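Here is data.tsv, consisting of TSV, C-alpha atoms:
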chain	number	residue	atom	x	y	z
J	1	MET	CA	-34.32	-27.45	21.94
J	2	SER	CA	-30.97	-28.13	20.31
J	3	PRO	CA	-28.57	-30.51	22.01
J	4	SER	CA	-26.02	-27.70	22.11
J	5	ALA	CA	-28.34	-25.31	23.93
J	6	PRO	CA	-27.14	-24.25	27.38
J	7	ARG	CA	-28.48	-25.84	30.51
J	8	GLU	CA	-29.32	-22.47	31.93
J	9	PRO	CA	-30.62	-19.85	31.78
J	10	ARG	CA	-33.45	-20.14	29.30
J	11	PRO	CA	-33.65	-17.49	26.57
J	12	ARG	CA	-36.07	-14.67	27.26
J	13	GLY	CA	-36.88	-13.89	23.65
J	14	PRO	CA	-38.82	-15.60	20.92
J	15	ARG	CA	-35.86	-17.66	19.68
J	16	PRO	CA	-35.58	-21.04	21.37
J	17	GLY	CA	-31.92	-21.81	20.66
J	18	GLY	CA	-29.66	-23.53	18.19
J	19	GLU	CA	-28.52	-22.12	14.87
J	20	ASP	CA	-31.29	-19.52	14.71
J	21	THR	CA	-30.21	-18.09	18.02
J	22	ARG	CA	-26.57	-18.09	17.03
J	23	ALA	CA	-27.42	-16.32	13.77
J	24	ALA	CA	-29.58	-13.78	15.57
J	25	ILE	CA	-26.79	-13.01	18.03
J	26	LEU	CA	-24.27	-12.59	15.20
J	27	GLU	CA	-26.63	-10.33	13.31
J	28	ALA	CA	-27.16	-8.16	16.38
J	29	ALA	CA	-23.42	-8.14	17.08
J	30	ARG	CA	-22.59	-6.98	13.56
J	31	ALA	CA	-25.17	-4.21	13.80
J	32	GLN	CA	-23.90	-3.03	17.19
J	33	PHE	CA	-20.20	-3.19	16.33
J	34	ALA	CA	-20.87	-1.43	13.02
J	35	THR	CA	-22.72	1.38	14.76
J	36	ARG	CA	-20.72	1.72	17.96
J	37	GLY	CA	-17.36	0.07	17.39
J	38	TYR	CA	-15.86	-2.64	19.56
J	39	ASP	CA	-15.82	-0.69	22.82
J	40	GLY	CA	-19.35	0.67	22.34
J	41	GLY	CA	-20.89	-2.75	21.68
J	42	THR	CA	-21.88	-4.72	24.79
J	43	ILE	CA	-22.87	-8.33	25.34
J	44	ARG	CA	-25.93	-7.07	27.17
J	45	GLY	CA	-26.96	-4.75	24.35
J	46	ILE	CA	-26.34	-7.37	21.69
J	47	ALA	CA	-28.32	-9.96	23.67
J	48	GLY	CA	-31.16	-7.49	24.03
J	49	ALA	CA	-31.24	-6.75	20.31
J	50	ALA	CA	-31.22	-10.49	19.58
J	51	GLY	CA	-33.96	-11.15	22.11
J	52	VAL	CA	-31.90	-13.59	24.18
J	53	ASP	CA	-30.37	-13.71	27.62
J	54	PRO	CA	-26.77	-12.38	27.86
J	55	ALA	CA	-25.72	-15.75	29.33
J	56	LEU	CA	-26.69	-17.36	26.05
J	57	VAL	CA	-24.29	-15.06	24.20
J	58	HIS	CA	-21.53	-16.17	26.56
J	59	HIS	CA	-22.55	-19.78	26.02
J	60	TYR	CA	-22.28	-19.58	22.24
J	61	PHE	CA	-19.28	-17.29	21.88
J	62	GLY	CA	-17.43	-17.29	25.20
J	63	SER	CA	-16.40	-13.63	25.22
J	64	LYS	CA	-16.93	-10.31	23.51
J	65	ASP	CA	-13.59	-10.75	21.73
J	66	LYS	CA	-14.64	-14.08	20.27
J	67	LEU	CA	-18.06	-12.76	19.35
J	68	PHE	CA	-16.38	-9.89	17.51
J	69	THR	CA	-14.08	-12.23	15.62
J	70	ALA	CA	-17.02	-14.45	14.73
J	71	SER	CA	-18.94	-11.40	13.53
J	72	LEU	CA	-16.02	-10.53	11.24
J	73	ASP	CA	-16.21	-13.83	9.41
J	74	LEU	CA	-19.63	-13.14	8.04
J	75	PRO	CA	-21.10	-12.83	5.53
J	76	PHE	CA	-17.85	-13.41	3.63
J	77	ASN	CA	-14.34	-14.31	4.63
J	78	PRO	CA	-11.70	-11.97	3.21
J	79	ALA	CA	-9.27	-14.88	3.22
J	80	ASP	CA	-11.50	-16.75	0.75
J	81	VAL	CA	-11.68	-13.71	-1.51
J	82	ILE	CA	-7.90	-13.37	-1.39
J	83	ALA	CA	-7.43	-17.05	-2.13
J	84	GLU	CA	-9.73	-16.86	-5.13
J	85	VAL	CA	-7.99	-13.77	-6.48
J	86	LEU	CA	-4.54	-15.27	-6.05
J	87	ALA	CA	-5.61	-18.57	-7.62
J	88	GLY	CA	-5.95	-16.66	-10.89
J	89	GLY	CA	-2.25	-15.84	-10.85
J	90	ILE	CA	-0.36	-12.72	-9.84
J	91	ASP	CA	-0.79	-11.02	-13.23
J	92	GLY	CA	-3.84	-8.82	-13.07
J	93	ALA	CA	-4.38	-9.70	-9.41
J	94	GLY	CA	-4.48	-5.99	-8.51
J	95	GLU	CA	-7.48	-5.37	-10.72
J	96	ARG	CA	-9.23	-8.57	-9.63
J	97	LEU	CA	-8.66	-7.67	-5.98
J	98	ILE	CA	-10.18	-4.20	-6.17
J	99	ARG	CA	-13.04	-5.65	-8.22
J	100	ALA	CA	-13.71	-8.30	-5.58
J	101	GLY	CA	-13.40	-5.76	-2.78
J	102	LEU	CA	-15.86	-3.36	-4.36
J	103	ALA	CA	-18.26	-6.22	-5.11
J	104	ALA	CA	-18.30	-7.08	-1.41
J	105	TRP	CA	-18.50	-3.49	-0.20
J	106	GLU	CA	-21.21	-2.31	-2.57
J	107	ASN	CA	-23.62	-4.61	-0.76
J	108	ALA	CA	-24.59	-2.88	2.48
J	109	VAL	CA	-24.91	-6.22	4.30
J	110	SER	CA	-21.43	-7.32	3.27
J	111	ARG	CA	-20.05	-3.87	3.98
J	112	ALA	CA	-21.34	-3.54	7.56
J	113	PRO	CA	-18.81	-5.88	9.20
J	114	MET	CA	-15.91	-4.25	7.36
J	115	LEU	CA	-17.03	-0.82	8.57
J	116	ALA	CA	-17.40	-2.23	12.07
J	117	VAL	CA	-13.80	-3.39	11.90
J	118	ILE	CA	-12.59	0.01	10.76
J	119	ARG	CA	-14.61	1.81	13.44
J	120	THR	CA	-13.36	-0.53	16.09
J	121	ALA	CA	-9.75	-0.17	15.03
J	122	THR	CA	-9.89	3.61	15.13
J	123	SER	CA	-11.79	3.84	18.40
J	124	SER	CA	-9.61	1.69	20.64
J	125	ASP	CA	-6.17	0.15	20.86
J	126	ALA	CA	-7.81	-3.20	21.52
J	127	GLY	CA	-9.81	-2.88	18.32
J	128	ALA	CA	-6.72	-1.90	16.37
J	129	ALA	CA	-4.90	-4.93	17.75
J	130	MET	CA	-7.78	-7.21	16.76
J	131	LEU	CA	-7.85	-5.90	13.20
J	132	ARG	CA	-4.08	-6.07	12.98
J	133	GLU	CA	-4.07	-9.68	14.14
J	134	PHE	CA	-6.94	-10.57	11.85
J	135	LEU	CA	-5.24	-9.01	8.81
J	136	GLU	CA	-1.85	-10.47	9.61
J	137	ARG	CA	-3.21	-13.97	10.17
J	138	ASN	CA	-5.93	-14.22	7.54
J	139	VAL	CA	-4.96	-11.88	4.75
J	140	LEU	CA	-1.45	-10.43	4.65
J	141	LYS	CA	0.57	-13.60	5.19
J	142	ARG	CA	-1.43	-15.29	2.48
J	143	VAL	CA	-0.82	-12.47	0.03
J	144	ALA	CA	2.85	-12.10	0.93
J	145	ALA	CA	3.43	-15.82	0.31
J	146	GLU	CA	2.60	-15.30	-3.36
J	147	LEU	CA	4.90	-12.33	-3.92
J	148	THR	CA	8.43	-11.57	-5.02
J	149	PRO	CA	11.16	-11.98	-2.38
J	150	ASP	CA	11.59	-8.18	-2.44
J	151	ARG	CA	9.78	-7.09	0.76
J	152	PRO	CA	6.61	-9.16	0.36
J	153	ALA	CA	5.25	-8.18	3.78
J	154	LEU	CA	5.58	-4.47	2.99
J	155	ARG	CA	3.90	-5.01	-0.38
J	156	ALA	CA	0.96	-6.83	1.18
J	157	ALA	CA	0.57	-4.19	3.88
J	158	LEU	CA	0.66	-1.29	1.40
J	159	LEU	CA	-1.95	-3.12	-0.65
J	160	ALA	CA	-4.11	-3.28	2.47
J	161	SER	CA	-3.51	0.43	3.08
J	162	GLN	CA	-4.97	1.33	-0.32
J	163	MET	CA	-7.92	-1.01	0.12
J	164	ALA	CA	-8.64	0.40	3.59
J	165	GLY	CA	-8.25	3.96	2.31
J	166	LEU	CA	-10.70	3.36	-0.52
J	167	LEU	CA	-13.18	1.81	1.90
J	168	MET	CA	-12.84	4.95	4.03
J	169	ALA	CA	-13.11	7.35	1.10
J	170	ARG	CA	-16.15	5.75	-0.53
J	171	TYR	CA	-18.15	4.46	2.42
J	172	VAL	CA	-17.08	6.31	5.57
J	173	ILE	CA	-15.89	9.81	4.65
J	174	CYS	CA	-17.99	9.60	1.47
J	175	LEU	CA	-15.87	11.86	-0.71
J	176	PRO	CA	-18.28	12.85	-3.50
J	177	ALA	CA	-15.90	12.15	-6.40
J	178	VAL	CA	-15.29	8.60	-5.16
J	179	VAL	CA	-18.92	7.98	-4.24
J	180	ASP	CA	-20.16	9.20	-7.62
J	181	ALA	CA	-17.54	7.45	-9.76
J	182	PRO	CA	-18.68	4.33	-11.64
J	183	ILE	CA	-17.22	1.14	-10.17
J	184	GLU	CA	-15.38	0.40	-13.42
J	185	ASP	CA	-13.65	3.79	-13.33
J	186	ILE	CA	-12.42	3.10	-9.81
J	187	ILE	CA	-11.22	-0.36	-10.78
J	188	ALA	CA	-9.35	1.04	-13.79
J	189	ALA	CA	-7.72	3.74	-11.65
J	190	VAL	CA	-6.87	1.75	-8.52
J	191	GLY	CA	-6.09	-1.67	-10.04
J	192	PRO	CA	-2.70	-0.65	-11.51
J	193	ASN	CA	-1.68	0.84	-8.17
J	194	LEU	CA	-2.47	-2.40	-6.34
J	195	GLN	CA	-0.56	-4.26	-9.04
J	196	HIS	CA	2.41	-1.95	-8.45
J	197	TYR	CA	2.48	-3.05	-4.82
J	198	LEU	CA	2.14	-6.71	-5.81
J	199	THR	CA	4.71	-6.96	-8.59
J	200	GLY	CA	6.17	-3.53	-9.36
J	201	ASP	CA	9.65	-2.17	-8.79
J	202	LEU	CA	9.69	-0.57	-5.32
J	203	GLY	CA	13.22	0.76	-5.78
J	204	LYS	CA	16.29	-0.20	-3.85
J	205	PRO	CA	15.51	-0.82	-0.16
J	206	VAL	CA	17.22	1.52	2.29
J	207	SER	CA	17.99	-1.29	4.68
J	208	GLY	CA	17.69	-5.06	4.69
J	209	ASP	CA	14.03	-5.13	5.65
J	210	THR	CA	12.01	-8.03	4.34
N	1	MET	CA	-6.38	40.40	31.47
N	2	SER	CA	-6.81	40.52	27.72
N	3	PRO	CA	-9.35	42.92	26.21
N	4	SER	CA	-10.96	39.95	24.48
N	5	ALA	CA	-11.52	38.05	27.72
N	6	PRO	CA	-15.15	37.34	28.53
N	7	ARG	CA	-17.11	39.43	30.96
N	8	GLU	CA	-18.15	36.32	32.86
N	9	PRO	CA	-17.51	33.85	34.29
N	10	ARG	CA	-13.95	34.09	35.52
N	11	PRO	CA	-11.65	31.16	34.73
N	12	ARG	CA	-11.26	28.66	37.54
N	13	GLY	CA	-7.79	27.47	36.59
N	14	PRO	CA	-4.35	28.97	36.71
N	15	ARG	CA	-4.57	30.58	33.27
N	16	PRO	CA	-5.94	34.11	33.37
N	17	GLY	CA	-7.10	34.44	29.73
N	18	GLY	CA	-5.92	35.62	26.34
N	19	GLU	CA	-3.71	33.67	23.98
N	20	ASP	CA	-2.42	31.32	26.67
N	21	THR	CA	-5.95	30.28	27.53
N	22	ARG	CA	-6.91	29.84	23.89
N	23	ALA	CA	-3.81	27.72	23.31
N	24	ALA	CA	-4.51	25.64	26.42
N	25	ILE	CA	-8.08	24.98	25.28
N	26	LEU	CA	-6.92	23.96	21.81
N	27	GLU	CA	-4.29	21.68	23.27
N	28	ALA	CA	-6.87	20.02	25.51
N	29	ALA	CA	-9.32	19.77	22.61
N	30	ARG	CA	-6.78	18.06	20.37
N	31	ALA	CA	-5.95	15.59	23.10
N	32	GLN	CA	-9.62	14.80	23.82
N	33	PHE	CA	-10.67	14.53	20.17
N	34	ALA	CA	-7.63	12.38	19.43
N	35	THR	CA	-8.45	10.02	22.25
N	36	ARG	CA	-12.25	9.96	22.11
N	37	GLY	CA	-13.25	11.23	18.70
N	38	TYR	CA	-15.65	14.09	18.05
N	39	ASP	CA	-18.66	12.62	19.85
N	40	GLY	CA	-16.63	11.52	22.86
N	41	GLY	CA	-15.02	14.92	23.41
N	42	THR	CA	-17.05	17.37	25.49
N	43	ILE	CA	-16.74	21.08	26.10
N	44	ARG	CA	-16.90	20.36	29.82
N	45	GLY	CA	-14.15	17.76	29.65
N	46	ILE	CA	-11.95	19.93	27.47
N	47	ALA	CA	-12.46	22.92	29.76
N	48	GLY	CA	-11.58	20.76	32.75
N	49	ALA	CA	-8.38	19.51	31.13
N	50	ALA	CA	-7.43	23.09	30.24
N	51	GLY	CA	-8.21	24.35	33.74
N	52	VAL	CA	-10.82	26.86	32.60
N	53	ASP	CA	-14.56	27.33	32.91
N	54	PRO	CA	-16.64	25.77	30.10
N	55	ALA	CA	-18.15	29.20	29.41
N	56	LEU	CA	-14.71	30.40	28.44
N	57	VAL	CA	-14.49	27.68	25.80
N	58	HIS	CA	-17.80	28.88	24.39
N	59	HIS	CA	-16.52	32.44	24.50
N	60	TYR	CA	-13.40	31.68	22.49
N	61	PHE	CA	-14.77	29.13	20.04
N	62	GLY	CA	-18.54	29.47	20.03
N	63	SER	CA	-19.38	25.79	19.66
N	64	LYS	CA	-17.93	22.30	19.77
N	65	ASP	CA	-17.99	22.22	15.96
N	66	LYS	CA	-15.93	25.38	15.69
N	67	LEU	CA	-13.55	24.21	18.40
N	68	PHE	CA	-13.03	20.99	16.47
N	69	THR	CA	-12.33	22.84	13.24
N	70	ALA	CA	-9.92	25.15	15.05
N	71	SER	CA	-8.19	22.12	16.56
N	72	LEU	CA	-7.74	20.68	13.05
N	73	ASP	CA	-5.80	23.68	11.85
N	74	LEU	CA	-2.99	23.11	14.24
N	75	PRO	CA	-0.09	22.57	14.38
N	76	PHE	CA	0.04	22.58	10.58
N	77	ASN	CA	-2.47	23.31	7.88
N	78	PRO	CA	-2.75	20.58	5.25
N	79	ALA	CA	-3.68	23.24	2.72
N	80	ASP	CA	-0.30	24.91	3.20
N	81	VAL	CA	1.49	21.60	2.73
N	82	ILE	CA	-0.50	20.95	-0.44
N	83	ALA	CA	0.23	24.43	-1.76
N	84	GLU	CA	3.95	24.01	-1.15
N	85	VAL	CA	4.01	20.60	-2.85
N	86	LEU	CA	2.07	21.85	-5.86
N	87	ALA	CA	4.22	24.96	-6.16
N	88	GLY	CA	7.07	22.63	-7.14
N	89	GLY	CA	5.16	21.50	-10.21
N	90	ILE	CA	3.09	18.42	-10.89
N	91	ASP	CA	6.09	16.29	-11.90
N	92	GLY	CA	7.25	14.40	-8.85
N	93	ALA	CA	4.42	15.86	-6.78
N	94	GLY	CA	3.37	12.35	-5.72
N	95	GLU	CA	6.69	11.66	-4.07
N	96	ARG	CA	6.88	15.12	-2.51
N	97	LEU	CA	3.37	14.72	-1.15
N	98	ILE	CA	3.99	11.41	0.61
N	99	ARG	CA	7.29	12.78	1.89
N	100	ALA	CA	5.56	15.84	3.34
N	101	GLY	CA	2.76	13.71	4.78
N	102	LEU	CA	5.13	11.33	6.51
N	103	ALA	CA	7.22	14.24	7.82
N	104	ALA	CA	4.09	15.63	9.48
N	105	TRP	CA	2.85	12.28	10.76
N	106	GLU	CA	6.13	11.02	12.15
N	107	ASN	CA	5.94	13.75	14.78
N	108	ALA	CA	3.44	12.60	17.42
N	109	VAL	CA	2.32	16.18	18.08
N	110	SER	CA	1.59	16.82	14.40
N	111	ARG	CA	-0.01	13.42	14.05
N	112	ALA	CA	-2.48	13.70	16.92
N	113	PRO	CA	-4.94	16.04	15.17
N	114	MET	CA	-4.92	13.91	12.02
N	115	LEU	CA	-5.71	10.81	14.06
N	116	ALA	CA	-8.44	12.74	15.85
N	117	VAL	CA	-9.97	13.55	12.49
N	118	ILE	CA	-9.87	9.92	11.39
N	119	ARG	CA	-11.35	8.71	14.67
N	120	THR	CA	-14.05	11.30	14.52
N	121	ALA	CA	-14.94	10.49	10.93
N	122	THR	CA	-15.28	6.77	11.65
N	123	SER	CA	-17.19	7.18	14.90
N	124	SER	CA	-20.02	9.45	13.76
N	125	ASP	CA	-21.78	10.70	10.66
N	126	ALA	CA	-21.26	14.24	11.92
N	127	GLY	CA	-17.54	13.61	12.16
N	128	ALA	CA	-17.45	12.11	8.69
N	129	ALA	CA	-19.27	15.15	7.34
N	130	MET	CA	-16.81	17.49	9.03
N	131	LEU	CA	-13.81	15.69	7.59
N	132	ARG	CA	-15.46	15.51	4.18
N	133	GLU	CA	-16.15	19.24	4.22
N	134	PHE	CA	-12.68	20.02	5.47
N	135	LEU	CA	-11.02	17.91	2.79
N	136	GLU	CA	-13.24	19.17	0.01
N	137	ARG	CA	-12.78	22.80	0.95
N	138	ASN	CA	-9.14	22.91	2.01
N	139	VAL	CA	-7.40	20.12	0.18
N	140	LEU	CA	-9.15	18.37	-2.71
N	141	LYS	CA	-10.35	21.40	-4.65
N	142	ARG	CA	-6.88	22.84	-4.46
N	143	VAL	CA	-5.28	19.66	-5.76
N	144	ALA	CA	-7.91	19.12	-8.46
N	145	ALA	CA	-7.34	22.63	-9.81
N	146	GLU	CA	-3.78	21.66	-10.76
N	147	LEU	CA	-4.68	18.46	-12.57
N	148	THR	CA	-5.52	17.25	-16.05
N	149	PRO	CA	-9.12	17.81	-17.20
N	150	ASP	CA	-9.61	14.02	-17.05
N	151	ARG	CA	-11.59	13.57	-13.81
N	152	PRO	CA	-9.50	15.82	-11.55
N	153	ALA	CA	-11.88	15.47	-8.61
N	154	LEU	CA	-11.67	11.67	-8.73
N	155	ARG	CA	-7.87	11.84	-8.96
N	156	ALA	CA	-7.63	14.12	-5.93
N	157	ALA	CA	-10.02	11.93	-3.92
N	158	LEU	CA	-8.15	8.71	-4.76
N	159	LEU	CA	-4.93	10.44	-3.74
N	160	ALA	CA	-6.57	11.24	-0.41
N	161	SER	CA	-7.70	7.62	-0.09
N	162	GLN	CA	-4.12	6.34	-0.32
N	163	MET	CA	-2.85	8.97	2.10
N	164	ALA	CA	-5.62	8.15	4.59
N	165	GLY	CA	-5.02	4.43	4.16
N	166	LEU	CA	-1.32	4.81	4.84
N	167	LEU	CA	-2.06	6.91	7.92
N	168	MET	CA	-4.33	4.10	9.10
N	169	ALA	CA	-1.87	1.33	8.30
N	170	ARG	CA	1.19	2.93	9.92
N	171	TYR	CA	-0.27	4.81	12.88
N	172	VAL	CA	-3.70	3.34	13.71
N	173	ILE	CA	-3.78	-0.34	12.75
N	174	CYS	CA	0.02	-0.42	13.03
N	175	LEU	CA	0.69	-3.16	10.47
N	176	PRO	CA	4.21	-4.31	11.38
N	177	ALA	CA	5.59	-4.26	7.83
N	178	VAL	CA	4.52	-0.62	7.37
N	179	VAL	CA	5.55	0.42	10.87
N	180	ASP	CA	8.99	-1.16	10.52
N	181	ALA	CA	9.71	0.04	6.97
N	182	PRO	CA	12.17	2.92	6.61
N	183	ILE	CA	10.46	6.15	5.58
N	184	GLU	CA	12.44	6.25	2.33
N	185	ASP	CA	11.22	2.78	1.36
N	186	ILE	CA	7.61	3.86	1.87
N	187	ILE	CA	8.17	7.03	-0.14
N	188	ALA	CA	9.73	5.05	-2.98
N	189	ALA	CA	6.84	2.56	-3.00
N	190	VAL	CA	3.89	4.92	-2.53
N	191	GLY	CA	5.13	7.99	-4.42
N	192	PRO	CA	4.64	6.48	-7.91
N	193	ASN	CA	1.11	5.42	-6.99
N	194	LEU	CA	0.20	8.93	-5.90
N	195	GLN	CA	1.75	10.22	-9.11
N	196	HIS	CA	-0.41	7.78	-11.08
N	197	TYR	CA	-3.50	9.39	-9.56
N	198	LEU	CA	-2.16	12.87	-10.26
N	199	THR	CA	-1.00	12.51	-13.85
N	200	GLY	CA	-1.35	8.88	-14.98
N	201	ASP	CA	-3.67	7.33	-17.53
N	202	LEU	CA	-6.80	6.25	-15.69
N	203	GLY	CA	-8.27	4.58	-18.75
N	204	LYS	CA	-11.37	5.54	-20.66
N	205	PRO	CA	-14.12	6.75	-18.32
N	206	VAL	CA	-17.29	4.66	-18.28
N	207	SER	CA	-19.49	7.73	-18.20
N	208	GLY	CA	-19.04	11.47	-18.49
N	209	ASP	CA	-18.04	11.98	-14.88
N	210	THR	CA	-15.66	14.81	-14.16

Please go through the file and, once you have read it, give me the structure as structure tokens.
Amino acid sequence: MSPSAPREPRPRGPRPGGEDTRAAILEAARAQFATRGYDGGTIRGIAGAAGVDPALVHHYFGSKDKLFTASLDLPFNPADVIAEVLAGGIDGAGERLIRAGLAAWENAVSRAPMLAVIRTATSSDAGAAMLREFLERNVLKRVAAELTPDRPALRAALLASQMAGLLMARYVICLPAVVDAPIEDIIAAVGPNLQHYLTGDLGKPVSGDT
Amino acid sequence: MSPSAPREPRPRGPRPGGEDTRAAILEAARAQFATRGYDGGTIRGIAGAAGVDPALVHHYFGSKDKLFTASLDLPFNPADVIAEVLAGGIDGAGERLIRAGLAAWENAVSRAPMLAVIRTATSSDAGAAMLREFLERNVLKRVAAELTPDRPALRAALLASQMAGLLMARYVICLPAVVDAPIEDIIAAVGPNLQHYLTGDLGKPVSGDT
């Protein structure tokens, strides 16, 4: 149907090809990775859930790794969120960052791929490597570039540690006090800590790490 | 051999029973849960790794749930660490807490059960519930009891979120900047943030949450 559709085989399901098929595969991939992690999700299972032939998944995405990465980029790109937060200047960036993070996570559809990433990273070394590479490439370098010369990479990574920990506490482990707290209370409590990592005094470094 | 050994069946492996057998089962359980998470670990697999009959595992621990909980308690009990930190007073408790946490995690043997808990919590709702219950019962209530009347439960849970996030960043996702940083640099950077959760001004609460 679409000029980019594969020559063979033909899809088995109701979707004829093109952007709809691609979107259906991504949707199924996000659901599977979110539920089962990277290792538990299979091309075959994802194709089945999307109603297409597994060969079509290979045609559009090439490999499970690439499909996973593609599934991470939707429905929002953390790099865009970071860029928008940093465009407002470093002052108050901690509060704006936790506000933007919570805005994305409060929506179950936006949250699913982030949880998939966390599940994948904890369930396999390959998944941890993928998340590490994704964060390093798309998020941490961008944040570090805006920071003081005093250990910017450590600051960005500690920032990520608090964001990941809050994601775990509120949406994975579901600690009641964090689940029940109003968003604004969390922002007021966590924002200054993120700001401390961004611009605060970290003390004298033990060694010459950067 | 031991009076508490089961009537049947006899162990298949080299260990005749008693404390050695119990310790071998726990060791195997920690290794399996750390590698595969709660759902991936099986009584059969754990028994096999310990060189004993699965019935012996049931005899000593009753169920997979109870075996998991028992495997959490070793080789150190987070509640004891918390109690020791809090016994030194609330001033500086943030720094002492991250120092104690890193001391436990830097040792691969001490770290394994904590990673098992994280893996389990992210891979299944049952695992998340177990970690939630464990934290609530053994850690968070104890911390909250020492804190200001201003939302002590939220403070304790946010503290846990940063600790969990750092565990993820340094030992699971392995972000290079956090992995490479000297322990003392991490303590100096994270300690004040934990202290902020313990005793800092969190701002005016939006609602009457406690």

Original post:
Closest to Gln195 in chain J among J:Leu159, J:Ile118, J:Ala29, J:Ala129, using all atoms listed in the file?
Top reply: J:Leu159

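Proximity of J:Arg44, J:Arg142, J:Arg111, J:Arg119 to chain N, computed with only C-alpha atoms, is greatest for J:Arg119.
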
**OP:** Pick out the residues sitting within 12 Å of range 155-157 of chain J, and hand them over as JSON, numbers by chain; count all atoms listed in the file, and ignore anything fewer than 4 positions along from it in its own chain.
**Re:** {"J": [82, 94, 132, 135, 136, 138, 139, 140, 141, 142, 143, 144, 145, 146, 147, 148, 149, 150, 151, 161, 162, 163, 164, 193, 194, 195, 196, 197, 198, 199, 200, 201, 202, 209, 210], "N": [165, 166, 168, 169, 170, 173, 174, 175, 176, 177, 178, 179, 180, 181, 185, 186, 188, 189, 190]}

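CA of Ala79 in chain N to CA of Gly41 in chain N spans 25.0 Å [interatomic distance, one decimal].
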
**OP:** Could you tell me how far CA of Thr122 in chain N lies from CA of Leu72 in chain N, in Å and to one decimal?
**Re:**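 Here the two named atoms are 15.9 Å from each other.
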
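For the residues J:Leu167, J:Leu154, J:Gly88, J:Thr69, ranking by smallest atom-to-atom distance to chain N using all atoms listed in the file places J:Leu154 first.
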
Original post:
What is the CA of Val81 in chain N-CA of Ala100 in chain N distance in Å, reported with one decimal?
Top reply: 7.1 Å

Can you build me a table of range 89-160 of chain N residues sitting at most 12 Å from range 113-116 of chain J, with the closest atom pair per residue and its distance in Å to one decimal, using only C-alpha atoms, sorted by chain and residue number, as a tab-separated table?
residue	atom	partner	partner_atom	distance
N:Ala121	CA	J:Leu115	CA	11.7
N:Thr122	CA	J:Leu115	CA	8.4
N:Ser123	CA	J:Ala116	CA	9.8
N:Ser124	CA	J:Leu115	CA	11.9

Original post:
Looking at J:Ile187, J:Ala83, J:Ala103, J:Ala128, which one is nearest to chain N, with distances taken over all atoms listed in the file?
Top reply: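 Under the stated criterion, the closest residue is J:Ala128.
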
Original post:
J:Asp65, J:Asp125, J:Glu19, J:Glu95: which is nearest chain N, counting all atoms listed in the file?
Top reply: J:Asp125

Original post:
Closest to His58 in chain J among J:Leu26, J:Leu86, J:Ile43, J:Ala108, using only C-alpha atoms?
Top reply: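 So, comparing all the options, the nearest one is J:Ile43.
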
Would you mind putting back N, CA, C and O atoms on range 193-201 of chain N, then writing it out as a JSON list (two decimals), in the frame of the given file?
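Final output, part_34.json:
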[["chain", "number", "residue", "atom", "x", "y", "z"],
["N", 193, "ASN", "N", 2.55, 5.65, -6.97],
["N", 193, "ASN", "CA", 1.11, 5.42, -6.99],
["N", 193, "ASN", "C", 0.34, 6.73, -6.86],
["N", 193, "ASN", "O", -0.68, 6.94, -7.52],
["N", 194, "LEU", "N", 0.84, 7.62, -6.00],
["N", 194, "LEU", "CA", 0.20, 8.93, -5.90],
["N", 194, "LEU", "C", 0.35, 9.68, -7.23],
["N", 194, "LEU", "O", -0.58, 10.34, -7.71],
["N", 195, "GLN", "N", 1.52, 9.55, -7.83],
["N", 195, "GLN", "CA", 1.75, 10.22, -9.11],
["N", 195, "GLN", "C", 0.81, 9.68, -10.19],
["N", 195, "GLN", "O", 0.34, 10.44, -11.05],
["N", 196, "HIS", "N", 0.53, 8.38, -10.12],
["N", 196, "HIS", "CA", -0.41, 7.78, -11.08],
["N", 196, "HIS", "C", -1.78, 8.45, -10.96],
["N", 196, "HIS", "O", -2.43, 8.75, -11.98],
["N", 197, "TYR", "N", -2.22, 8.70, -9.73],
["N", 197, "TYR", "CA", -3.50, 9.39, -9.56],
["N", 197, "TYR", "C", -3.43, 10.82, -10.07],
["N", 197, "TYR", "O", -4.39, 11.33, -10.65],
["N", 198, "LEU", "N", -2.28, 11.46, -9.87],
["N", 198, "LEU", "CA", -2.16, 12.87, -10.26],
["N", 198, "LEU", "C", -2.11, 13.04, -11.78],
["N", 198, "LEU", "O", -2.80, 13.90, -12.33],
["N", 199, "THR", "N", -1.28, 12.25, -12.43],
["N", 199, "THR", "CA", -1.00, 12.51, -13.85],
["N", 199, "THR", "C", -1.10, 11.28, -14.74],
["N", 199, "THR", "O", -0.95, 11.40, -15.96],
["N", 200, "GLY", "N", -1.36, 10.10, -14.18],
["N", 200, "GLY", "CA", -1.35, 8.88, -14.98],
["N", 200, "GLY", "C", -2.60, 8.70, -15.84],
["N", 200, "GLY", "O", -3.56, 9.45, -15.73],
["N", 201, "ASP", "N", -2.53, 7.68, -16.68],
["N", 201, "ASP", "CA", -3.67, 7.33, -17.53],
["N", 201, "ASP", "C", -4.64, 6.48, -16.72],
["N", 201, "ASP", "O", -4.30, 5.37, -16.31]]
